[in-house]
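The structure appears right after this line, and notes come after that.
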Amino acid sequence: MKRTLGVCYYPEHWPEDVWADDAQRMVDAGLSWVRIGEFAWSRMEPAPDQFEWDWLDRAIEVLGNAGLKIILGTPTATPPRWMLDKHPDMLAVDEQGRPRGFGSRRHYCFSHRGYRDESKRITRLMAQRYESNKHIQAWQTDNEYACHDTTRSYSYAATEGFQNWLAQKYQSPAALNRAWGNVFWSMEYDDFADIDLPNLTVTEPNHPHVLDFYRYSSDMVVDFNREQVTEIRAHTDAPIIHNYMGRETSFDHFKVGADLDIASWDSYPIGFLSDRLEGSQDHKRRFLRQGEPDNQAFHHDLYRAVGRGRWWIMEQQPGPVNWAPYNPAPLPGMARLWAWEAFAHGAETVCYFRWRQAPFAQEQMHAGLLRPDSADAPALAEALQVSREINDLPDVGTAKADVALVFDYESAWAWEAQPQGADFDQFRLAFAAYRACRRAGLNVDIVAPDTDDLSGYKFTLAPGLMHLSDPLRAALTDATALIGPRTDTKSEHLSIPTPMGPNVDGLDATVVLTESLPPDVGVPLENGGQFLHWREVLEGDAPVRLKTTDGHAAIMGDKLRYLAGWPDDATWDLILRDLCNEVGLTHHNLPDGLRIRDTQTHRFVFNYAPEPLIWNGVEIPGAGVHWAAL
Ligand code: GAL
């Protein structure tokens, strides 16, 4: 398969007489795809049931005739102002009970039936109009579900929807009371209609109540997306895609992905480094203009799983963004490196965001491939270089990885509902394990929590999974795997099971005590490392592989083993070194900033460091990429 490049474009922002020139310049830059439409509702339907499709028809013709393939987005992330007059209660409500008003975007509640019908209606009209348009080669649903913290809404519509969802799930209030343990503090209900959302309580709400609300909220995203997919699917076989985000765990992406043909995500490496990733000042300074070296790869591997093998970058950072606390420019070379890294992890297409920097409104300080005055911005030449390189390099394929890392959204919600220690975050824990794999030069497949076959992997990591699914529990029994901390220590209702966990055949170890710790206090280990944030005390007859200096088991088990704490980076490295030795994998111990990824045919080496690094006798320039046939 030939990899391709694309760009996000907003014809409604620019005079019509520049469209043809823009399209030609896109083609000249080697771009194949252009994504349009996803915020243009007020121009498609300026007033209720008054449609203006002509401009969009012409934009599609101009772009398509230039040779570009079009991804058409449904505009439901930006309902026009008149929509609020039609549905005054459609706004989401925040946890404090305040409506989240008009004037930016994503101002809707996923539970609002009226808005859901509007979303289906506009999607249907677009699908009917463009079903046979040969230029439309893919569809995008909405834009970045969850962005700006919009999955969970504490509205009246959500309350009603949640009550119905609970009634379906539990069938009787008595069953719900049992599952949630509502006898504690006299929280028992005798009618589903009495159950409020878990906000505005006096002290912390009951954890299973919160977890069920998070499950419900995730299901609303799944349903909203499915409704659009159904409308589009009735008219066309073109692939349907959604553009997910980085470090976003508020809905189950595997479930949304099951209804789509291709997963994609929006990659802003520099924005994410300053905006949403932990790291020391030194680390953030070193990678200020390149982004965290493992963050992109983690999401590539995650969304490859969500897309069941098919995935894209729908938005690739081209220069400074506008939304992080600080917005440095990328080092020259990074707009190329990021694209190649995506391709090495199996991306079919990388689209840069956006074509031309807009001189107006919220994102006027956000770079594009062109400057606001239409001159080339620095990333344009790098996109052209990548497009030439794609033409020269044969299909490199995607190899199955050696290591599986299980990632579970429900566990992220469970630990949000019941953190127990302020720093316990499921993404952070899984990412720490992933980063250790990357430092070791290992290829990783991220896998869903209902995976039933781990036999193709040399070893599996399953940190922080609150409760194992039946298929995974069975698959783990004969896998080489490291589970824990906190894995399988809860029931699906977020209570402590009897017998206490983990409960996996062949592993005689039980978590009998848990403690969480402030960031500056660790639990020393006999190997010189330490547990941070979290440690558990184990009982059982499984062999002890590592101990804390205060005499407790830190890792217990044989092929399947339990890790009783949150390791520091040095300990993760030792753990992986042992696992690699055991299964016959090479542990590379890569220099800081250097990362590798093997495809079916090539090894790619990425240098995220600003300075040149030498690896296996080859010097890779700072912000540079190197590849060689395997
Ligand atoms: C994304 C979003 C785009 C644009 C971009 C700016 O989150 O999908 O519409 O806002 O960020 O970086």
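Every chain in the structure tokens takes a letter, A first, then B, and so on in the order presented; its residues are numbered from 1, and the ligands are numbered from 1 following the presented order.
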At most 8 Å is the cut-off: for each residue in chain A with any atom that close to an atom of ligand 1, write down the nearest atom pair and the distance in Å rounded to one decimal, counting only C-alpha atoms and all ligand atoms, chain first then increasing number, as a tab-separated table.
residue	atom	partner	partner_atom_place_in_ligand_line	distance
A:Asn143	CA	ligand 1	8 (O)	5.9
A:Glu144	CA	ligand 1	8 (O)	5.6
A:Cys147	CA	ligand 1	7 (O)	6.8
A:Asn243	CA	ligand 1	8 (O)	7.4
A:Met245	CA	ligand 1	7 (O)	7.1
A:Asp266	CA	ligand 1	1 (C)	6.5
A:Tyr268	CA	ligand 1	12 (O)	6.8
A:Glu315	CA	ligand 1	8 (O)	7.1
A:Gln317	CA	ligand 1	12 (O)	7.0
A:Val321	CA	ligand 1	12 (O)	5.6
A:Asn322	CA	ligand 1	12 (O)	6.9
A:Trp323	CA	ligand 1	12 (O)	6.9
A:Phe353	CA	ligand 1	5 (C)	7.0
A:Glu363	CA	ligand 1	6 (C)	6.9
A:His366	CA	ligand 1	12 (O)	6.8
Name all residues at most 10 Å from segment 521-526 of chain A (count only C-alpha atoms; drop same-chain ones fewer than 6 positions away) and give them as a CSV table (one decimal) with C-alpha atoms, in the first residue's frame.
chain,number,residue,atom,x,y,z
A,532,LEU,CA,6.7,5.4,43.5
A,533,HIS,CA,3.1,6.6,44.1
A,534,TRP,CA,1.8,3.1,44.9
A,535,ARG,CA,2.7,-0.1,46.6
A,546,LEU,CA,12.1,-9.2,43.7
A,547,LYS,CA,11.7,-7.7,47.2
A,548,THR,CA,11.4,-4.3,48.8
A,549,THR,CA,14.1,-3.5,51.2
A,550,ASP,CA,11.5,-3.7,54.0
A,551,GLY,CA,11.2,-7.4,53.2
A,552,HIS,CA,8.0,-7.6,51.2
A,553,ALA,CA,7.5,-9.2,47.8
A,554,ALA,CA,7.7,-6.7,45.0
A,565,GLY,CA,3.9,-1.3,42.9
A,566,TRP,CA,4.5,1.5,40.5
A,567,PRO,CA,8.2,1.2,39.4
A,568,ASP,CA,10.5,4.1,38.8
A,571,THR,CA,13.1,-0.4,37.8
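Across A:Ser411, A:Ser153, A:Asp142, A:Val544, the tightest approach to Pro99 of chain A is made by A:Ser153 when counting only C-alpha atoms.
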(message) Using only C-alpha atoms for the distances, tell me which of A:Pro325, A:Asp57, A:Gly257, A:Ser387 is nearest to Ser274 of chain A.
(response)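 That would be A:Pro325, the residue with the smallest distance to Ser274 of chain A.
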I'd like the contact shell of segment 170-174 of chain A - 10 Å cut-off, only C-alpha atoms, skipping same-chain residues fewer than 4 positions apart - returned as a compact mmCIF listing (two decimals) with N, CA and C atoms, in the first residue's frame.
# COMPACT_ATOMS: atom_id res chain seq x y z
N ASN A 164 -32.51 5.58 32.83
CA ASN A 164 -32.98 4.50 31.94
C ASN A 164 -31.90 3.45 31.72
N TRP A 165 -30.69 3.94 31.56
CA TRP A 165 -29.55 3.03 31.34
C TRP A 165 -29.38 2.12 32.54
N LEU A 166 -29.50 2.70 33.75
CA LEU A 166 -29.38 1.89 34.98
C LEU A 166 -30.52 0.87 35.07
N ARG A 178 -27.51 -3.59 45.74
CA ARG A 178 -26.53 -4.62 46.10
C ARG A 178 -25.20 -4.37 45.39
N ALA A 179 -25.30 -4.11 44.09
CA ALA A 179 -24.07 -3.94 43.30
C ALA A 179 -23.27 -2.73 43.78
N TRP A 180 -23.94 -1.68 44.13
CA TRP A 180 -23.24 -0.45 44.55
C TRP A 180 -22.91 -0.44 46.05
N ASN A 182 -25.16 0.11 48.50
CA ASN A 182 -25.82 1.33 48.96
C ASN A 182 -26.30 1.31 50.40
N GLU A 188 -29.67 3.69 49.87
CA GLU A 188 -30.51 2.79 49.07
C GLU A 188 -31.62 3.54 48.34
N TYR A 189 -31.92 3.06 47.14
CA TYR A 189 -32.98 3.63 46.30
C TYR A 189 -34.09 2.62 46.17
N ASP A 190 -35.34 3.13 46.03
CA ASP A 190 -36.36 2.17 45.64
C ASP A 190 -37.02 2.54 44.32
N ASP A 191 -36.43 3.49 43.60
CA ASP A 191 -36.95 3.84 42.27
C ASP A 191 -35.79 4.38 41.44
N PHE A 192 -35.64 3.90 40.23
CA PHE A 192 -34.55 4.42 39.39
C PHE A 192 -34.68 5.93 39.16
N ALA A 193 -35.94 6.41 39.20
CA ALA A 193 -36.18 7.84 38.94
C ALA A 193 -35.61 8.73 40.06
N ILE A 195 -32.53 8.44 41.20
CA ILE A 195 -31.05 8.43 41.19
C ILE A 195 -30.52 9.65 40.42
(request) Go through segment 179-262 of chain A and collect every residue that DSSP, computed from the backbone, puts in alpha helix (DSSP H); the answer should be as a PyMOL selection string. (result) chain A and resi 179-180+207-233+253-257
(request) Please provide the set of residues having any atom within 9 Å of Arg428 of chain A, restricted to only C-alpha atoms, with same-chain residues fewer than 4 positions apart removed, written as a list in words. (result) Leu277, Glu278, Asp423, Phe424, Ala432 and Ala433 of chain A
Dump N, CA, C and O atoms for the selected residues as a short mmCIF file (atom, residue, chain, number, x, y, z; two decimals), in the first residue's frame?
data_model
loop_
_atom_site.label_atom_id
_atom_site.label_comp_id
_atom_site.auth_asym_id
_atom_site.auth_seq_id
_atom_site.Cartn_x
_atom_site.Cartn_y
_atom_site.Cartn_z
N LEU A 277 1.43 16.17 29.53
CA LEU A 277 2.28 15.04 29.88
C LEU A 277 3.14 15.37 31.08
O LEU A 277 3.65 16.50 31.20
N GLU A 278 3.30 14.38 31.98
CA GLU A 278 4.20 14.56 33.10
C GLU A 278 5.64 14.49 32.58
O GLU A 278 5.90 13.91 31.53
N ASP A 423 -1.70 10.55 42.48
CA ASP A 423 -0.96 10.43 41.22
C ASP A 423 -1.30 9.17 40.44
O ASP A 423 -0.65 8.87 39.44
N PHE A 424 -2.28 8.40 40.90
CA PHE A 424 -2.59 7.16 40.19
C PHE A 424 -3.49 7.46 39.00
O PHE A 424 -4.65 7.83 39.14
N ALA A 432 4.04 4.77 31.24
CA ALA A 432 5.35 4.50 31.85
C ALA A 432 5.87 3.14 31.39
O ALA A 432 7.06 2.97 31.07
N ALA A 433 4.98 2.16 31.34
CA ALA A 433 5.38 0.81 30.89
C ALA A 433 5.77 0.86 29.41
O ALA A 433 6.77 0.27 28.98
#
(message) Would you compute the distance between atom CA of Pro519 of chain A and atom CA of Ser280 of chain A? Give it in Å to one decimal.
(response) 12.5 Å
(message) So, with only C-alpha atoms as the atoms that count, which of A:His587, A:Arg124, A:Arg286, A:Arg473 lies closest to Thr451 of chain A?
(response) A:Arg473
(request) Go through A:Ala297, A:Leu72, A:Ala440, A:Leu454 and flag the residue nearest Pro471 of chain A, using only C-alpha atoms for the distances. (result) A:Leu454
(message) Would you pick out the contacts of Val34 of chain A at 8 Å or less, using only C-alpha atoms, so that residues sharing its chain but fewer than 2 positions from it are not included, and give the list as a PyMOL selection string?
(response) chain A and resi 6-9+31-32+36+63+68-71+351
(request) For each of A:Tyr409, A:Trp14, A:Tyr154, A:Trp572, take the minimum atom-to-atom distance to Val256 of chain A, counting only C-alpha atoms, then give the residue where this is smallest. (result)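 Among the listed residues, A:Tyr409 lies closest to Val256 of chain A.
Computed from the coordinates, the atom CA of Asp301 of chain A to atom CA of Val444 of chain A distance equals 7.1 Å.
Residue neighbourhood of Ile614 of chain A, excluding near-sequence residues (fewer than 3 positions): Leu590, Pro591, Asp592, Gly593, Leu594, Arg595, Val605, Phe606, Asn607, Ala609, Glu611, Gly617, Val618, Glu619, Ile620, Pro621, Gly622, Gly624 and His626 of chain A, at 12 Å, using only C-alpha atoms.
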(request) Rank A:Leu538, A:Leu560, A:Leu337, A:Met44 by their smallest atom-to-atom distance to Arg129 of chain A, using only C-alpha atoms, and report the top residue only. (result)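 With only C-alpha atoms as the atom set, the closest residue is A:Met44.
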(message) If I take atom CA of Thr141 of chain A and atom CA of Asn225 of chain A, how far is one from the other in Å, to one decimal?
(response)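 Between atom CA of Thr141 of chain A and atom CA of Asn225 of chain A the gap is 6.8 Å.
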(message) To test your reading of the structure, identify every residue in segment 163-381 of chain A that backbone DSSP assigns to strand (DSSP E), and report it as a PyMOL selection string.
(response) chain A and resi 240-244+262-267+311-316+349-352
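The neighbours of Gly309 of chain A here are the residues that come within 10 Å of it, using only C-alpha atoms and leaving out any residue fewer than 5 positions away in the same chain; they are Asp261, Ile262, Ala263, Asp301, Tyr303, Arg304, Gly346, Ala347, Glu348 and Thr398 of chain A.
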